[in-house]
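Have a look at protein_10.cif; it's mmCIF, C-alpha atoms:
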```cif
data_input
#
loop_
_atom_site.label_atom_id
_atom_site.label_comp_id
_atom_site.auth_asym_id
_atom_site.auth_seq_id
_atom_site.Cartn_x
_atom_site.Cartn_y
_atom_site.Cartn_z
CA ARG A 16 54.57 136.52 27.94
CA GLN A 17 56.38 138.83 25.53
CA LYS A 18 59.53 137.88 23.68
CA SER A 19 62.77 139.18 25.13
CA GLY A 20 65.22 141.20 23.09
CA GLY A 21 64.73 144.62 21.52
CA SER A 22 63.18 147.63 23.18
CA HIS A 23 60.13 148.52 25.24
CA THR A 24 58.37 151.85 25.85
CA VAL A 25 57.27 152.14 29.49
CA LYS A 26 53.52 152.45 30.07
CA SER A 27 51.76 153.75 33.16
CA GLY A 28 52.11 151.48 36.18
CA GLU A 29 54.95 149.37 34.79
CA THR A 30 57.98 148.53 36.95
CA LEU A 31 61.21 146.58 36.47
CA TYR A 32 59.49 143.64 38.18
CA SER A 33 56.37 143.69 35.99
CA LEU A 34 58.52 143.93 32.86
CA GLY A 35 60.63 141.04 34.13
CA ARG A 36 57.50 138.91 34.50
CA SER A 37 56.17 139.99 31.10
CA TYR A 38 59.38 139.26 29.19
CA GLY A 39 60.61 136.33 31.27
CA VAL A 40 63.92 137.95 32.17
CA SER A 41 65.49 139.19 35.38
CA PRO A 42 64.36 142.70 36.43
CA TYR A 43 67.96 143.38 37.45
CA ALA A 44 69.16 142.32 34.00
CA ILE A 45 66.83 144.93 32.47
CA ALA A 46 68.19 147.55 34.88
CA ASP A 47 71.81 146.62 34.10
CA ALA A 48 71.19 146.66 30.36
CA ASN A 49 69.99 150.26 30.66
CA ASN A 50 72.56 151.46 33.24
CA LEU A 51 69.81 151.94 35.84
CA SER A 52 69.87 151.28 39.56
CA HIS A 53 68.08 148.12 40.70
CA ASP A 54 65.49 150.15 42.62
CA THR A 55 64.84 152.77 39.94
CA VAL A 56 61.32 154.08 39.32
CA LEU A 57 60.45 153.93 35.63
CA GLY A 58 58.94 156.91 33.84
CA VAL A 59 56.07 156.75 31.35
CA GLY A 60 57.42 156.92 27.81
CA GLN A 61 60.91 155.80 28.84
CA SER A 62 62.55 153.55 26.26
CA LEU A 63 64.27 150.45 27.63
CA SER A 64 66.43 147.79 26.04
CA ILE A 65 65.19 144.31 26.92
CA PRO A 66 68.00 141.73 27.09
CA GLY A 67 67.50 138.42 25.34
CA GLY A 68 67.94 136.72 22.02
CA GLY A 69 64.42 136.78 20.58
CA SER A 70 62.68 139.45 18.57
CA ALA A 71 61.03 142.13 20.68
CA SER A 72 57.42 143.03 20.98
CA VAL A 73 56.98 146.70 21.83
CA ALA A 74 53.31 146.41 22.64
CA SER A 75 52.19 147.17 26.15
CA ALA A 76 53.06 144.37 28.54
CA PRO A 77 49.97 142.36 29.48
CA ALA A 78 48.77 142.60 33.04
CA PRO A 79 49.78 139.61 35.19
CA LYS A 80 47.12 136.97 35.51
CA LYS A 81 44.96 137.52 38.60
CA ILE A 82 43.74 134.63 40.67
CA MET A 83 41.14 135.13 43.37
CA ALA A 84 41.07 132.96 46.46
CA GLY A 85 38.54 134.22 48.98
CA PRO A 86 39.56 137.73 50.08
CA VAL A 87 43.14 137.19 48.95
CA GLU A 88 44.23 138.03 45.43
CA SER A 89 47.50 137.07 43.79
CA THR A 90 49.03 138.31 40.56
CA VAL A 91 51.77 135.66 40.65
CA ALA A 92 50.19 132.75 38.84
CA LYS A 93 51.43 129.40 37.61
CA SER A 94 55.11 128.95 36.90
CA GLU A 95 54.67 129.25 33.17
CA ASP A 96 53.16 132.73 33.67
CA ALA A 97 55.72 134.15 36.11
CA ALA A 98 59.40 134.84 35.62
CA THR A 99 61.87 134.27 38.40
CA PRO A 100 61.63 137.29 40.74
CA GLU A 101 65.20 138.55 41.05
CA PRO A 102 65.17 139.37 44.80
CA VAL A 103 65.40 135.61 45.38
CA GLN A 104 67.16 134.46 42.28
CA GLN A 105 66.61 130.72 42.75
CA THR A 106 62.94 131.00 43.72
CA ALA A 107 60.69 130.42 40.72
CA GLU A 108 57.58 131.81 42.42
CA LEU A 109 57.70 133.83 45.62
CA LEU A 110 54.13 133.41 46.68
CA LYS A 111 51.23 131.38 45.38
CA PRO A 112 47.47 132.00 45.69
CA LYS A 113 46.09 131.67 49.18
CA ASP A 114 42.62 131.42 50.65
CA GLN A 115 40.92 131.58 54.02
CA SER A 116 38.89 128.39 53.54
CA GLN A 117 40.38 126.28 56.33
CA LEU A 118 41.03 126.82 60.00
CA ALA A 119 44.02 125.02 61.42
CA PRO A 120 45.81 124.81 64.77
CA THR A 121 47.23 127.79 66.59
CA ALA A 122 50.74 128.89 65.64
CA ASP A 123 52.71 129.42 68.82
CA PRO A 124 56.46 129.99 69.13
CA GLN A 125 56.33 127.92 72.33
CA ILE A 126 54.05 125.12 71.14
CA SER A 127 54.61 122.49 68.46
CA ASN A 128 51.91 121.96 65.85
CA ALA A 129 53.71 119.19 63.99
CA ALA A 130 56.34 116.56 64.54
CA VAL A 131 59.70 117.63 63.20
CA ASP A 132 61.64 115.30 60.94
CA PRO A 133 65.13 115.11 62.49
CA SER A 134 66.63 115.12 59.00
CA LEU A 135 65.15 118.55 58.22
CA PRO A 136 66.37 121.94 59.48
CA GLY A 137 64.35 123.52 62.26
CA PHE A 138 62.65 126.92 62.01
CA ARG A 139 60.84 128.90 64.72
CA TRP A 140 57.32 130.25 64.31
CA PRO A 141 57.39 133.82 62.96
CA VAL A 142 54.31 134.80 65.02
CA LYS A 143 51.78 133.34 67.45
CA GLY A 144 48.25 133.17 66.08
CA GLN A 145 45.48 131.18 64.38
CA ILE A 146 46.36 129.42 61.14
CA ILE A 147 43.58 130.46 58.75
CA SER A 148 44.94 128.78 55.61
CA ALA A 149 47.08 125.66 55.60
CA TYR A 150 49.68 124.54 53.06
CA GLY A 151 48.56 122.59 50.01
CA SER A 152 45.85 122.29 47.40
CA LYS A 153 42.61 124.23 47.76
CA PRO A 154 39.25 124.17 45.99
CA ASN A 155 39.03 125.24 42.34
CA GLY A 156 42.60 124.20 41.59
CA LEU A 157 44.22 126.79 43.85
CA ARG A 158 47.21 126.02 46.02
CA ASN A 159 48.76 127.67 49.06
CA GLU A 160 52.54 127.26 49.09
CA GLY A 161 52.79 128.47 52.68
CA ILE A 162 50.52 129.08 55.65
CA ASN A 163 48.50 132.14 56.64
CA ILE A 164 48.45 133.08 60.33
CA SER A 165 45.88 135.50 61.72
CA VAL A 166 47.38 137.94 64.24
CA PRO A 167 46.56 141.36 65.70
CA GLU A 168 47.82 144.27 63.61
CA GLY A 169 51.24 145.37 64.80
CA THR A 170 52.31 141.92 66.00
CA SER A 171 56.08 141.47 65.80
CA VAL A 172 57.08 139.18 62.90
CA ARG A 173 60.30 137.37 63.75
CA ALA A 174 62.90 135.71 61.54
CA ALA A 175 62.38 131.95 61.53
CA GLU A 176 66.13 131.40 61.33
CA SER A 177 69.32 133.41 60.97
CA GLY A 178 70.15 134.62 57.48
CA VAL A 179 70.47 137.56 55.10
CA VAL A 180 67.55 139.66 53.88
CA ALA A 181 67.21 138.96 50.16
CA TYR A 182 64.27 141.31 49.59
CA ALA A 183 62.24 143.88 51.54
CA GLY A 184 59.63 145.88 49.66
CA ASN A 185 56.17 145.96 48.14
CA GLU A 186 56.72 145.62 44.37
CA LEU A 187 54.89 142.29 44.19
CA LYS A 188 51.24 143.30 43.91
CA GLY A 189 48.91 141.39 46.19
CA TYR A 190 51.40 140.67 48.96
CA GLY A 191 51.87 144.12 50.44
CA ASN A 192 55.07 144.66 52.38
CA LEU A 193 57.13 141.51 51.89
CA VAL A 194 60.36 140.25 53.48
CA LEU A 195 62.43 137.37 52.11
CA VAL A 196 65.31 135.93 54.12
CA ARG A 197 67.90 133.61 52.59
CA HIS A 198 69.41 131.01 54.95
CA GLU A 199 72.31 128.59 54.73
CA GLY A 200 71.84 125.55 52.54
CA GLY A 201 69.67 127.28 49.94
CA TRP A 202 66.67 127.76 52.25
CA VAL A 203 64.45 130.85 51.96
CA THR A 204 61.63 132.10 54.21
CA ALA A 205 58.95 134.62 53.17
CA TYR A 206 56.82 136.92 55.34
CA ALA A 207 54.01 138.84 53.57
CA HIS A 208 51.20 141.39 54.28
CA ASN A 209 53.25 143.36 56.81
CA LYS A 210 52.34 146.84 58.06
CA GLU A 211 55.94 147.95 58.56
CA LEU A 212 59.31 146.56 57.54
CA PHE A 213 62.22 146.80 59.95
CA VAL A 214 64.91 145.43 57.64
CA LYS A 215 66.33 146.17 54.22
CA ARG A 216 67.98 144.07 51.53
CA GLY A 217 71.41 142.89 52.60
CA ASP A 218 70.77 143.07 56.35
CA THR A 219 71.95 140.14 58.44
CA VAL A 220 69.30 138.89 60.87
CA LYS A 221 69.44 136.40 63.71
CA ARG A 222 66.86 133.80 64.58
CA GLY A 223 64.03 135.56 66.43
CA ASP A 224 64.93 139.10 65.31
CA VAL A 225 61.91 141.28 64.51
CA VAL A 226 61.87 141.85 60.75
CA ALA A 227 58.43 143.46 60.44
CA LYS A 228 55.14 144.35 62.10
CA ALA A 229 52.12 142.39 60.90
CA GLY A 230 49.39 144.15 58.98
CA ARG A 231 46.84 143.80 56.23
CA THR A 232 48.76 145.18 53.25
CA GLY A 233 48.23 143.66 49.84
CA THR A 234 44.91 142.10 48.98
CA VAL A 235 43.87 140.74 52.36
CA SER A 236 40.98 141.92 54.48
CA SER A 237 42.33 141.14 57.94
CA PRO A 238 45.73 141.33 59.68
CA GLN A 239 47.77 138.20 58.99
CA VAL A 240 51.17 136.83 58.05
CA HIS A 241 51.68 134.66 54.99
CA PHE A 242 54.72 132.50 55.78
CA GLU A 243 56.64 130.26 53.39
CA ILE A 244 59.65 127.98 53.60
CA ARG A 245 61.42 127.15 50.34
CA LYS A 246 64.35 124.99 49.37
CA GLY A 247 65.67 126.79 46.32
CA ALA A 248 62.64 127.15 44.05
CA THR A 249 60.59 124.45 45.80
CA ALA A 250 57.95 125.39 48.34
CA MET A 251 57.83 123.12 51.39
CA ASP A 252 55.11 122.53 53.97
CA PRO A 253 56.13 124.81 56.87
CA MET A 254 54.48 122.48 59.38
CA LYS A 255 57.22 119.92 58.76
CA PHE A 256 59.80 122.37 60.12
CA LEU A 257 58.05 124.06 63.05
CA GLY A 258 58.44 122.13 66.28
CA ASN A 259 58.62 122.94 69.97
CA THR A 260 62.29 122.00 70.09
CA THR A 261 63.15 124.74 67.62
CA ALA A 262 60.38 127.31 68.01
CA ALA A 263 61.04 128.50 71.55
CA ASN A 264 64.32 130.29 70.91
#
```
Could you take the file, read its structure, and then write that structure out as structure tokens?
Amino acid sequence: RQKSGGSHTVKSGETLYSLGRSYGVSPYAIADANNLSHDTVLGVGQSLSIPGGGSASVASAPAPKKIMAGPVESTVAKSEDAATPEPVQQTAELLKPKDQSQLAPTADPQISNAAVDPSLPGFRWPVKGQIISAYGSKPNGLRNEGINISVPEGTSVRAAESGVVAYAGNELKGYGNLVLVRHEGGWVTAYAHNKELFVKRGDTVKRGDVVAKAGRTGTVSSPQVHFEIRKGATAMDPMKFLGNTTAAN
């Protein structure tokens, strides 16, 4: 990670988000410091001020660490290598490496796959399909901080609960078209690898609303949805929240 503070000359392929990860500062803070819009496209050779108190390094920002897990590749690595992505300001890491190493039960909006703890909020299944990667630790030190559900391309991806769209885009390499929805109580849900997005940042969605169509964008080889539930910056096992009493409506 480069030291914040000073200036940076934009190189080919760099974005506000990649610079945020490289310098450990908010991408929006970089935009604000340079009087740029939050969705601006940077130009090669453009000089940017990098906010922060340390001395600046003007060398080219290193490429994010890549981690391979089966056919899925992630450039968001361990927490010490990734800055907080601004679209969800309290989420330290949006998505963690995933793999296809385990088959799990079928995800069905009408069928429970796990007992729901009454003390936890309830979320509905975003899609119906085969769970091809479960939550938790994987071989070789990898970890899936959500679940991956195999579905036909074009399947409607539905909001797991009512909330406000915190992010809708494809700036995070490896995850394709991604939607993040912030819910009451500091909860956030993530939906990755979509073919099409039907919402934009700031939209209010209701439980069960279609937010995207499933696809194979990002570094996956088959149509699927990567789904996460987070409490602030902490990833939770989605299976603890998905029950038949909450998934059917």
Apply the PyMOL selection byres ((chain A and resi 198) around 12) to the structure shown and report the selected residues as a PyMOL selection string. chain A and resi 103+136-138+174-181+195-197+199-205+219-222+244-247
Selection in question (the file shown): the PyMOL selection byres ((chain A and resi 185) around 12). Which residues does it include, as a list in words?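 Applied to this file, the PyMOL selection byres ((chain A and resi 185) around 12) selects Thr30, Tyr32, Asp54, Pro102, Tyr182, Ala183, Gly184, Glu186, Leu187, Lys188, Gly189, Tyr190, Gly191, Asn192, Leu193, Val194, Leu195, Tyr206, Ala207, His208, Asn209, Lys210, Glu211, Leu212, Lys215, Thr232, Gly233 and Thr234 of chain A.
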Hey, what comes out of the PyMOL selection byres ((chain A and resi 228) around 8) on this file? Could you write it as a list of chain:residue names? A:Glu168, A:Gly169, A:Thr170, A:Ser171, A:Val172, A:Asn209, A:Lys210, A:Glu211, A:Leu212, A:Phe213, A:Val225, A:Val226, A:Ala227, A:Ala229, A:Gly230
Which residue is closest to Gln239 (chain A)? Choose from A:Gly28, A:Gly151, A:Pro141, A:Pro42 and count only C-alpha atoms.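 The closest residue to Gln239 (chain A) is A:Pro141.
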Counting only C-alpha atoms, which residue out of A:Val40, A:Leu57, A:Arg139, A:Asn49 sits closest to Lys255 (chain A)?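 Among A:Val40, A:Leu57, A:Arg139, A:Asn49, it is A:Arg139 that comes nearest to Lys255 (chain A).
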Out of A:Pro154, A:Val56, A:Ala48, A:Gly223, which residue has the shortest atom-to-atom distance to Leu31 (chain A) when counting all atoms listed in the file?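 Selected residue with least distance to Leu31 (chain A): A:Val56.
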Please indicate the distance in Å from CA of Gly144 (chain A) to CA of Val214 (chain A), rounded to one decimal place.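 Taking CA of Gly144 (chain A) and CA of Val214 (chain A), their separation equals 22.3 Å.
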All file atoms of region 216-220 of chain A boxed axis-aligned, 3 Å per side, centre plus edges, as JSON:
```
{"center_x": 70.0, "center_y": 141.5, "center_z": 56.2, "size_x": 10.0, "size_y": 11.2, "size_z": 15.3}
```
Atom-to-atom span, CA of Gly217 (chain A) and CA of Arg231 (chain A), Å: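 CA of Arg231 (chain A) lies 24.9 Å from CA of Gly217 (chain A).
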Could you check how far CA of Gly58 (chain A) sits from CA of Leu34 (chain A), in Å to one decimal?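 Result for CA of Gly58 (chain A) versus CA of Leu34 (chain A): 13.0 Å, one decimal.
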Of the residues A:Asp252, A:Thr55, A:His23, A:Leu135, which is the one nearest to Ser152 (chain A), using only C-alpha atoms?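 Nearest to Ser152 (chain A): A:Asp252.
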Considering only C-alpha atoms, return as a short mmCIF file (atom, residue, chain, number, x, y, z; two decimals) with C-alpha atoms, keeping the file's coordinate frame whatever protein or nucleic-acid residues lie within 9 Å of Ser165 (chain A), sequence-local ones (same chain, fewer than 6 positions apart) excluded.
```
data_model
loop_
_atom_site.label_atom_id
_atom_site.label_comp_id
_atom_site.auth_asym_id
_atom_site.auth_seq_id
_atom_site.Cartn_x
_atom_site.Cartn_y
_atom_site.Cartn_z
CA LYS A 143 51.78 133.34 67.45
CA GLY A 144 48.25 133.17 66.08
CA GLN A 145 45.48 131.18 64.38
CA ILE A 146 46.36 129.42 61.14
CA ILE A 147 43.58 130.46 58.75
CA SER A 237 42.33 141.14 57.94
CA PRO A 238 45.73 141.33 59.68
CA GLN A 239 47.77 138.20 58.99
CA VAL A 240 51.17 136.83 58.05
CA HIS A 241 51.68 134.66 54.99
#
```
